[in-house]
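Working notes, structure below.
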Amino acid sequence: MGKTITIAPVTRIEGHAKVTIELDDAGNVAETYVNVVELRGFEKFCIGRPVEELPRIVTSICGVCPWHHHLASAKANDAVFGVTPPPTGTKLRDLCQSIAFCSDKILHFFFLAGPDFVMGPDADYSVRNVLGIVGSNPELGQKVVRARHLGTQMLGIASGKSIHPVTAVPGGFSKPLTEKERNRIMPMAQEVLEFAKFAISFAKENIFPKYAEEINSIGVIETGFLGTVTEDGSLNVYDGKLRLMKPDGTYEEFAYDQYTDYIAEHIEPWSYLKFPYAKKWGNFNMDPEGPVGIYRTNTLARINVCDKMATPLAQAELEEFREKFGRPAQQTLLYNYARLIELVYNAEHVVELLNDPGITGKETRVPVTPRAARGVGCVEAPRGTLIHDYETDDNGMVTNVNLIVGTTHNNAPINMSVKQTAKSLIHNGNYDETILDKVEMSIRAYDPCLSCATHKLDGTLPVWIDIVNSKKERIDILKNTP
Amino acid sequence: MTSATSLDVVPEYCTKPVVIFGCGNILLGDDGFGPAVVKELHASDIVPAWATVIDAGTSVREFLFDIALSEQRPVLIVVIDAVDIGRPPGEVFEISLDDIPVVKVSDYSLHQAPTSNLLRQLRDHCEVEVVVIACQIGQIPDEVKMGLSPKVEDAVTRATQLIEKRFLQRDRTVKPTIEAKKG
């Protein structure tokens with residue numbers, strides 16, 4: 001009898017997903033689905049509002065990426081109003097973007113995906129979480145939390161608010177950074193950079209070597225990649241052109257306001273979330289055996305598409321990474337390695353920006369005048385390329401909004417990775433908690449923010465497995481809590 | 001490394017004895033209850049120096065993880081949140097973490113005490129007292145919509161008064177414990 005295994009929800013990711021694994025009559029994987037929930041109706045909610053309000057409103061979309069939505073929205077506003085922020089305004093936005101990136105990388109590696117590595121996927125569930133890390137390595141826990149505190153404090157000094165930012169405005173940044181503020185932030189930035197260097201060394205010495213087998217087996221799929229690079233091909237998370245790389249490493253580039261010429265959105269009846277794909281590559285197909293049009297975003301994608309890193313330590317790390325894994329690297333768990341290279345880059349970039357005399361310039365914004373226009377803003381968010389696309393009428397009121405968030409780009413690849421993992425690990429109906437956790441692990445590597453609508457995070461949420469027969473009748477429930 | 005920042009790097013939500021988080025998404029109707037109570041607490045000027053009140057929005061996890069890992073932690077964390085457990089809309093009550101049924105934990109729900117397992121870990125392993133003050137929602141819209149329903153709007157002031165009476169009148173720096181939980 002064919003049966004279905006349901007893992008719901010996936011733990012330690014923002015939002016929720018329900019993983020369904022359908023087994024055939026022989027007990028092997030027939031099909032898999034990652035069902036997600038997203039915040040619906042946001043685009044409609046924005047229509048009729050003054051477009052300059054959106055950078056403040058969009059910070060409530062996501063509790064994880066408020067800064068990145070804030071900045072993408074501010075850039076879309078620049079385009080709608082037809083203005084270019086002064087250099088200092090751009091640098092201050094870039095500074096906040098990279099500080100926020102540092103905090104996110106630390107959070108994800110050590111809190112969300114890290115426990116699988118630090119504690120090991122086979123560790124008892126009760127210790128395979130953030131407090132398990134503290135228990136096994138208290139000194140590491142303290143370093144992690146201090147680095148995150150520093151990030152929060154730097155954002156507070158630079159912008160006034162770290163959680164619900166308001167300082168990026170159409171045409172620039174609402175306040176300059178004083179010399180005194182820069183001098184306060186600088187030692188914090190240097191300390192975060194020291195932490196970044198420690199983190200990647202720690203991971204390379206103590207974590208990644210233990211999991212070479214998992215890295216080469218869990219969730220490995222072959223796709224293209226999308227990310228932002230500068231004119232000289234360096235990775236950049238605030239601005240640049242989009243580079244869409246095929247699995248063979250060839251690529252094409254385009255300005256982000258031309259994204260609709262290159263990216264289309266496929267719909268599946270079982271998922272609220274759309275499936276973006278590269279429309280010039282052929283008809284959408286996410287079968288892991290022969291995918292068409294599928295690309296990934298997020299850390300590994302950015303590391304793959306860029307030619308180089310703009311800072312020296314990150315460049316050295318990139319060269320070492322490519323020496324080991326080639327370009328493009330396809331192993332899904334390498335997202336975690338790439339995440340730490342990005343941490344080093346952003347930490348270096350923050351120090352670099354603070355050393356730039358222009359960062360304390362007085363001219364941080366230019367005036368704007370409402371007009372009917374379309375404007376696209378794009379930044380790299382931790383989970384991938386984030387696109388805000390607005391249209392306004394003559395009075396600057398919003399008439400149309402389209403958002404593509406990072407996780408949406410990865411919807412098809414997440415589904416492919418789950419299917420690949422499930423197929424490789426479940427045979428003849430045999431499965432246990434360890435196998436199912438590896439399925440979850442392949443999802444968490446993408447760091448998905450599957451529902452910005454919910455503020456729940458259930459740190460040790462139980463895994464529930466519904467087993468139903470081919471008629472969808474539940475015949476068993478497996479769970480790891482009373 | 002520098003020690004210049006070592007004194008001011010630990011945030012208030014780790015150093016103050018009492019930390020109150022208003023949780024919820026203001027874009028989703030009654031789910032914005034927690035932030036609304038925080039707004040009223042700030043406006044009413046009743047928060048003593050030994051407490052801090054934070055609109056955590058949808059980011060409470062950011063704070064709780066840091067508290068869990070920090071050397072300094074509050075004595076008491078109060079979480080204000082919207083829930084849906086079948087009570088009359090607008091009713092304000094305290095929920096014990098142990099009373100949050102496991103079945104609710106795994107349901108997808110916009111209006112449930114946040115991060116319940118992490119809160120349990122803070123209580124059980126970090127010696128932090130955790131109290132959840134909840135409000136029964138009227139309705140959470142299917143799509144984005146700002147603003148509370150009338151009964152939940154009315155509950156904001158009652159919740160503010162309850163929080164002041166329960167947690168903000170007695171100086172926690174003197175006796176860092178809380179009274180037995182009320183039913």
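Following the order of the structure tokens, chains are lettered A, B, ..., residues in each are numbered from 1, and ligands are numbered from 1.
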
Q. Using only C-alpha atoms, which residues sit within 10 Å of Lys204 in chain A once same-chain residues fewer than 5 positions away are excluded, as a PyMOL selection string?
A. chain A and resi 198-199+209-210+337+340

Any chance you could export the current selection's all heavy atoms as an mmCIF file, in the first residue's frame?
data_model
loop_
_atom_site.group_PDB
_atom_site.id
_atom_site.type_symbol
_atom_site.label_atom_id
_atom_site.label_comp_id
_atom_site.auth_asym_id
_atom_site.auth_seq_id
_atom_site.Cartn_x
_atom_site.Cartn_y
_atom_site.Cartn_z
ATOM 1 N N PHE A 198 37.384 34.336 13.459
ATOM 2 C CA PHE A 198 37.329 33.188 14.366
ATOM 3 C C PHE A 198 36.294 32.167 13.884
ATOM 4 O O PHE A 198 36.547 30.954 13.866
ATOM 5 C CB PHE A 198 36.971 33.662 15.783
ATOM 6 C CG PHE A 198 36.352 32.599 16.635
ATOM 7 C CD1 PHE A 198 37.144 31.617 17.227
ATOM 8 C CD2 PHE A 198 34.969 32.534 16.814
ATOM 9 C CE1 PHE A 198 36.576 30.612 17.985
ATOM 10 C CE2 PHE A 198 34.394 31.536 17.572
ATOM 11 C CZ PHE A 198 35.196 30.569 18.160
ATOM 12 N N ALA A 199 35.109 32.662 13.499
ATOM 13 C CA ALA A 199 34.003 31.757 13.157
ATOM 14 C C ALA A 199 34.361 30.859 11.985
ATOM 15 O O ALA A 199 34.117 29.645 12.014
ATOM 16 C CB ALA A 199 32.738 32.572 12.849
ATOM 17 N N PRO A 209 35.007 19.466 8.371
ATOM 18 C CA PRO A 209 35.677 18.194 8.066
ATOM 19 C C PRO A 209 34.905 16.963 8.538
ATOM 20 O O PRO A 209 34.982 15.899 7.922
ATOM 21 C CB PRO A 209 37.015 18.316 8.815
ATOM 22 C CG PRO A 209 37.242 19.785 8.951
ATOM 23 C CD PRO A 209 35.876 20.373 9.131
ATOM 24 N N LYS A 210 34.122 17.130 9.604
ATOM 25 C CA LYS A 210 33.373 15.979 10.128
ATOM 26 C C LYS A 210 32.213 15.599 9.218
ATOM 27 O O LYS A 210 31.663 14.511 9.342
ATOM 28 C CB LYS A 210 32.781 16.324 11.507
ATOM 29 C CG LYS A 210 33.785 16.517 12.618
ATOM 30 C CD LYS A 210 32.997 16.812 13.897
ATOM 31 C CE LYS A 210 33.889 17.339 14.997
ATOM 32 N NZ LYS A 210 33.094 17.879 16.114
ATOM 33 N N TYR A 337 28.873 26.978 4.520
ATOM 34 C CA TYR A 337 30.257 27.428 4.333
ATOM 35 C C TYR A 337 30.244 28.814 3.675
ATOM 36 O O TYR A 337 30.914 29.761 4.115
ATOM 37 C CB TYR A 337 30.998 26.399 3.473
ATOM 38 C CG TYR A 337 32.500 26.507 3.422
ATOM 39 C CD1 TYR A 337 33.279 25.359 3.239
ATOM 40 C CD2 TYR A 337 33.164 27.725 3.518
ATOM 41 C CE1 TYR A 337 34.670 25.428 3.179
ATOM 42 C CE2 TYR A 337 34.550 27.799 3.452
ATOM 43 C CZ TYR A 337 35.292 26.654 3.274
ATOM 44 O OH TYR A 337 36.658 26.732 3.207
ATOM 45 N N LEU A 340 29.564 31.759 5.886
ATOM 46 C CA LEU A 340 30.660 32.294 6.696
ATOM 47 C C LEU A 340 31.626 33.128 5.854
ATOM 48 O O LEU A 340 32.215 34.090 6.351
ATOM 49 C CB LEU A 340 31.391 31.149 7.400
ATOM 50 C CG LEU A 340 30.553 30.440 8.468
ATOM 51 C CD1 LEU A 340 31.338 29.300 9.096
ATOM 52 C CD2 LEU A 340 30.080 31.416 9.537
#

So which residues touch Phe21 in chain B within 12 Å, counting only C-alpha atoms, skipping near sequence neighbours fewer than 6 positions away, as a PDB file with N, CA and C atoms, in the first residue's frame?
ATOM      1  N   TYR B  13      17.707  44.542  27.343  1.00  0.00           N
ATOM      2  CA  TYR B  13      16.846  43.378  27.530  1.00  0.00           C
ATOM      3  C   TYR B  13      17.584  42.202  28.162  1.00  0.00           C
ATOM      4  N   PHE B  33      -2.059  43.105  18.675  1.00  0.00           N
ATOM      5  CA  PHE B  33      -2.400  43.425  20.066  1.00  0.00           C
ATOM      6  C   PHE B  33      -1.157  43.725  20.917  1.00  0.00           C
ATOM      7  N   GLY B  34      -0.159  42.866  20.852  1.00  0.00           N
ATOM      8  CA  GLY B  34       1.044  43.041  21.677  1.00  0.00           C
ATOM      9  C   GLY B  34       1.716  44.393  21.440  1.00  0.00           C
ATOM     10  N   PRO B  35       2.016  44.736  20.185  1.00  0.00           N
ATOM     11  CA  PRO B  35       2.598  46.056  19.918  1.00  0.00           C
ATOM     12  C   PRO B  35       1.702  47.212  20.393  1.00  0.00           C
ATOM     13  N   ALA B  36       0.376  47.042  20.313  1.00  0.00           N
ATOM     14  CA  ALA B  36      -0.525  48.105  20.764  1.00  0.00           C
ATOM     15  C   ALA B  36      -0.402  48.322  22.271  1.00  0.00           C
ATOM     16  N   VAL B  37      -0.260  47.234  23.027  1.00  0.00           N
ATOM     17  CA  VAL B  37      -0.100  47.366  24.483  1.00  0.00           C
ATOM     18  C   VAL B  37       1.238  48.046  24.802  1.00  0.00           C
ATOM     19  N   VAL B  38       2.262  47.678  24.073  1.00  0.00           N
ATOM     20  CA  VAL B  38       3.574  48.321  24.285  1.00  0.00           C
ATOM     21  C   VAL B  38       3.472  49.828  24.041  1.00  0.00           C
ATOM     22  N   LYS B  39       2.773  50.180  22.990  1.00  0.00           N
ATOM     23  CA  LYS B  39       2.602  51.602  22.671  1.00  0.00           C
ATOM     24  C   LYS B  39       1.920  52.321  23.828  1.00  0.00           C
ATOM     25  N   LEU B  41       1.801  51.346  27.017  1.00  0.00           N
ATOM     26  CA  LEU B  41       2.693  51.351  28.186  1.00  0.00           C
ATOM     27  C   LEU B  41       3.687  52.510  28.089  1.00  0.00           C
ATOM     28  N   ALA B  51      12.800  48.312  34.517  1.00  0.00           N
ATOM     29  CA  ALA B  51      12.106  47.473  33.524  1.00  0.00           C
ATOM     30  C   ALA B  51      12.302  48.071  32.134  1.00  0.00           C
ATOM     31  N   THR B  52      12.153  47.230  31.130  1.00  0.00           N
ATOM     32  CA  THR B  52      12.161  47.743  29.767  1.00  0.00           C
ATOM     33  C   THR B  52      11.023  47.093  28.987  1.00  0.00           C
ATOM     34  N   VAL B  53      10.407  47.877  28.132  1.00  0.00           N
ATOM     35  CA  VAL B  53       9.258  47.416  27.360  1.00  0.00           C
ATOM     36  C   VAL B  53       9.606  47.543  25.876  1.00  0.00           C
ATOM     37  N   ILE B  54       9.475  46.462  25.146  1.00  0.00           N
ATOM     38  CA  ILE B  54       9.958  46.421  23.760  1.00  0.00           C
ATOM     39  C   ILE B  54       8.858  45.948  22.813  1.00  0.00           C
ATOM     40  N   ASP B  55       8.665  46.703  21.749  1.00  0.00           N
ATOM     41  CA  ASP B  55       7.809  46.237  20.661  1.00  0.00           C
ATOM     42  C   ASP B  55       8.649  45.293  19.812  1.00  0.00           C
ATOM     43  N   ALA B  56       8.479  44.008  20.044  1.00  0.00           N
ATOM     44  CA  ALA B  56       9.290  43.020  19.332  1.00  0.00           C
ATOM     45  C   ALA B  56       8.713  42.697  17.964  1.00  0.00           C
ATOM     46  N   GLY B  57       7.495  43.172  17.692  1.00  0.00           N
ATOM     47  CA  GLY B  57       6.893  42.883  16.392  1.00  0.00           C
ATOM     48  C   GLY B  57       6.959  41.400  16.086  1.00  0.00           C
ATOM     49  N   THR B  58       7.519  41.089  14.933  1.00  0.00           N
ATOM     50  CA  THR B  58       7.676  39.686  14.561  1.00  0.00           C
ATOM     51  C   THR B  58       9.113  39.216  14.799  1.00  0.00           C
ATOM     52  N   SER B  59       9.844  39.956  15.612  1.00  0.00           N
ATOM     53  CA  SER B  59      11.272  39.652  15.786  1.00  0.00           C
ATOM     54  C   SER B  59      11.625  39.181  17.190  1.00  0.00           C
ATOM     55  N   VAL B  60      10.670  38.690  17.951  1.00  0.00           N
ATOM     56  CA  VAL B  60      10.975  38.367  19.350  1.00  0.00           C
ATOM     57  C   VAL B  60      12.066  37.317  19.467  1.00  0.00           C
ATOM     58  N   ARG B  61      12.152  36.473  18.468  1.00  0.00           N
ATOM     59  CA  ARG B  61      13.203  35.456  18.467  1.00  0.00           C
ATOM     60  C   ARG B  61      14.594  36.068  18.581  1.00  0.00           C
ATOM     61  N   GLU B  62      14.773  37.211  17.919  1.00  0.00           N
ATOM     62  CA  GLU B  62      16.069  37.888  17.960  1.00  0.00           C
ATOM     63  C   GLU B  62      16.486  38.148  19.408  1.00  0.00           C
ATOM     64  N   PHE B  63      15.514  38.560  20.203  1.00  0.00           N
ATOM     65  CA  PHE B  63      15.802  38.901  21.597  1.00  0.00           C
ATOM     66  C   PHE B  63      15.975  37.648  22.454  1.00  0.00           C
ATOM     67  N   LEU B  64      15.094  36.698  22.254  1.00  0.00           N
ATOM     68  CA  LEU B  64      15.093  35.522  23.134  1.00  0.00           C
ATOM     69  C   LEU B  64      16.350  34.678  22.972  1.00  0.00           C
ATOM     70  N   LEU B  76      12.631  38.286  35.050  1.00  0.00           N
ATOM     71  CA  LEU B  76      11.266  38.042  34.594  1.00  0.00           C
ATOM     72  C   LEU B  76      11.098  38.523  33.151  1.00  0.00           C
ATOM     73  N   ILE B  77      10.533  37.662  32.327  1.00  0.00           N
ATOM     74  CA  ILE B  77      10.144  38.055  30.971  1.00  0.00           C
ATOM     75  C   ILE B  77       8.629  37.961  30.872  1.00  0.00           C
ATOM     76  N   VAL B  78       8.004  39.046  30.437  1.00  0.00           N
ATOM     77  CA  VAL B  78       6.565  39.031  30.197  1.00  0.00           C
ATOM     78  C   VAL B  78       6.350  39.146  28.689  1.00  0.00           C
ATOM     79  N   VAL B  79       5.623  38.204  28.153  1.00  0.00           N
ATOM     80  CA  VAL B  79       5.310  38.212  26.726  1.00  0.00           C
ATOM     81  C   VAL B  79       3.835  38.565  26.560  1.00  0.00           C
ATOM     82  N   ILE B  80       3.574  39.597  25.786  1.00  0.00           N
ATOM     83  CA  ILE B  80       2.186  39.990  25.508  1.00  0.00           C
ATOM     84  C   ILE B  80       1.880  39.573  24.076  1.00  0.00           C
ATOM     85  N   ASP B  81       0.812  38.804  23.916  1.00  0.00           N
ATOM     86  CA  ASP B  81       0.569  38.290  22.576  1.00  0.00           C
ATOM     87  C   ASP B  81      -0.908  38.024  22.357  1.00  0.00           C
ATOM     88  N   ALA B 113       1.050  32.018  21.359  1.00  0.00           N
ATOM     89  CA  ALA B 113       2.221  32.477  22.093  1.00  0.00           C
ATOM     90  C   ALA B 113       3.483  32.143  21.305  1.00  0.00           C
ATOM     91  N   PRO B 114       4.348  33.114  21.116  1.00  0.00           N
ATOM     92  CA  PRO B 114       5.501  32.875  20.249  1.00  0.00           C
ATOM     93  C   PRO B 114       6.553  32.012  20.917  1.00  0.00           C
ATOM     94  N   VAL B 130       8.991  33.243  33.287  1.00  0.00           N
ATOM     95  CA  VAL B 130       8.352  33.662  32.041  1.00  0.00           C
ATOM     96  C   VAL B 130       6.841  33.682  32.223  1.00  0.00           C
ATOM     97  N   VAL B 131       6.228  34.800  31.897  1.00  0.00           N
ATOM     98  CA  VAL B 131       4.776  34.934  31.985  1.00  0.00           C
ATOM     99  C   VAL B 131       4.246  35.372  30.622  1.00  0.00           C
ATOM    100  N   VAL B 132       3.184  34.742  30.176  1.00  0.00           N
ATOM    101  CA  VAL B 132       2.550  35.138  28.923  1.00  0.00           C
ATOM    102  C   VAL B 132       1.196  35.761  29.234  1.00  0.00           C
ATOM    103  N   ILE B 133       1.024  37.010  28.883  1.00  0.00           N
ATOM    104  CA  ILE B 133      -0.264  37.684  29.004  1.00  0.00           C
ATOM    105  C   ILE B 133      -0.887  37.714  27.615  1.00  0.00           C
ATOM    106  N   ALA B 134      -2.039  37.089  27.519  1.00  0.00           N
ATOM    107  CA  ALA B 134      -2.622  36.882  26.199  1.00  0.00           C
ATOM    108  C   ALA B 134      -3.968  37.581  26.072  1.00  0.00           C
ATOM    109  N   ILE B 163      -0.762  44.677  33.510  1.00  0.00           N
ATOM    110  CA  ILE B 163       0.709  44.565  33.498  1.00  0.00           C
ATOM    111  C   ILE B 163       1.331  45.522  34.510  1.00  0.00           C
TER     112      ILE B 163
END

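Counting only C-alpha atoms, the residue from A:Ser234, A:Thr260, A:Asn355, A:Thr152 that sits nearest to chain B is A:Thr152.
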
Q: From range 44-106 of chain B, collect each residue whose DSSP state is alpha helix (DSSP H) and return the set as a PyMOL selection string.
A: chain B and resi 44+60-69+102-106

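Closest approach to Gln136 in chain B among B:Leu148, B:Val92, B:Leu118, B:Leu162 is made by B:Val92 (distances from only C-alpha atoms).
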
Q. Do you know which residues are at most 8 Å from range 304-310 of chain A counting only C-alpha atoms, after dropping those on the same chain fewer than 6 positions away, and could you put them as a ChimeraX atom specification?
A. /A:225-229,233-235,243-245,318,327-329,345

Expected file: the selected residues, N, CA and C atoms, as a PDB file, in the first residue's frame:
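Result written to again39.pdb:
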ATOM      1  N   PHE A 225      22.223  29.639 -10.787  1.00  0.00           N
ATOM      2  CA  PHE A 225      22.315  30.523  -9.621  1.00  0.00           C
ATOM      3  C   PHE A 225      22.067  31.974 -10.033  1.00  0.00           C
ATOM      4  N   LEU A 226      21.548  32.761  -9.079  1.00  0.00           N
ATOM      5  CA  LEU A 226      21.294  34.188  -9.309  1.00  0.00           C
ATOM      6  C   LEU A 226      21.893  34.994  -8.164  1.00  0.00           C
ATOM      7  N   GLY A 227      22.558  36.096  -8.500  1.00  0.00           N
ATOM      8  CA  GLY A 227      23.091  36.971  -7.453  1.00  0.00           C
ATOM      9  C   GLY A 227      23.534  38.293  -8.042  1.00  0.00           C
ATOM     10  N   THR A 228      23.904  39.206  -7.153  1.00  0.00           N
ATOM     11  CA  THR A 228      24.278  40.557  -7.566  1.00  0.00           C
ATOM     12  C   THR A 228      25.797  40.702  -7.587  1.00  0.00           C
ATOM     13  N   VAL A 229      26.309  41.313  -8.654  1.00  0.00           N
ATOM     14  CA  VAL A 229      27.745  41.607  -8.745  1.00  0.00           C
ATOM     15  C   VAL A 229      27.925  43.055  -9.212  1.00  0.00           C
ATOM     16  N   GLY A 233      32.607  42.407 -11.387  1.00  0.00           N
ATOM     17  CA  GLY A 233      32.327  41.007 -11.056  1.00  0.00           C
ATOM     18  C   GLY A 233      32.470  40.659  -9.581  1.00  0.00           C
ATOM     19  N   SER A 234      32.659  41.671  -8.725  1.00  0.00           N
ATOM     20  CA  SER A 234      32.768  41.399  -7.292  1.00  0.00           C
ATOM     21  C   SER A 234      31.383  41.186  -6.682  1.00  0.00           C
ATOM     22  N   LEU A 235      31.329  40.341  -5.651  1.00  0.00           N
ATOM     23  CA  LEU A 235      30.079  40.170  -4.913  1.00  0.00           C
ATOM     24  C   LEU A 235      29.699  41.496  -4.252  1.00  0.00           C
ATOM     25  N   ARG A 243      23.366  38.698 -12.044  1.00  0.00           N
ATOM     26  CA  ARG A 243      24.055  37.714 -12.884  1.00  0.00           C
ATOM     27  C   ARG A 243      23.319  36.381 -12.712  1.00  0.00           C
ATOM     28  N   LEU A 244      22.822  35.843 -13.826  1.00  0.00           N
ATOM     29  CA  LEU A 244      22.077  34.579 -13.822  1.00  0.00           C
ATOM     30  C   LEU A 244      22.965  33.517 -14.466  1.00  0.00           C
ATOM     31  N   MET A 245      23.416  32.584 -13.630  1.00  0.00           N
ATOM     32  CA  MET A 245      24.403  31.594 -14.074  1.00  0.00           C
ATOM     33  C   MET A 245      23.746  30.239 -14.327  1.00  0.00           C
ATOM     34  N   LEU A 318      37.392  32.716  -0.473  1.00  0.00           N
ATOM     35  CA  LEU A 318      36.747  32.284  -1.718  1.00  0.00           C
ATOM     36  C   LEU A 318      37.688  31.387  -2.523  1.00  0.00           C
ATOM     37  N   ARG A 327      33.619  25.705  -9.221  1.00  0.00           N
ATOM     38  CA  ARG A 327      32.653  26.763  -9.482  1.00  0.00           C
ATOM     39  C   ARG A 327      31.849  26.398 -10.710  1.00  0.00           C
ATOM     40  N   PRO A 328      30.538  26.381 -10.649  1.00  0.00           N
ATOM     41  CA  PRO A 328      29.743  26.593  -9.438  1.00  0.00           C
ATOM     42  C   PRO A 328      29.693  25.335  -8.569  1.00  0.00           C
ATOM     43  N   ALA A 329      29.710  25.529  -7.266  1.00  0.00           N
ATOM     44  CA  ALA A 329      29.554  24.414  -6.331  1.00  0.00           C
ATOM     45  C   ALA A 329      28.060  24.127  -6.180  1.00  0.00           C
ATOM     46  N   TYR A 345      33.267  38.774   4.497  1.00  0.00           N
ATOM     47  CA  TYR A 345      33.208  39.904   3.557  1.00  0.00           C
ATOM     48  C   TYR A 345      32.470  41.099   4.167  1.00  0.00           C
TER      49      TYR A 345
END

Q: List every residue of range 187-320 of chain A that DSSP, applied to the backbone, labels as strand (DSSP E), and write the result as a PyMOL selection string.
A: chain A and resi 224-229+241-245+251-254+263-266+275-278+295-296

Q. Quick one: of A:Asp389, A:Glu43, A:Asp24, A:Glu191, who's nearest to chain B, counting only C-alpha atoms?
A. A:Glu191
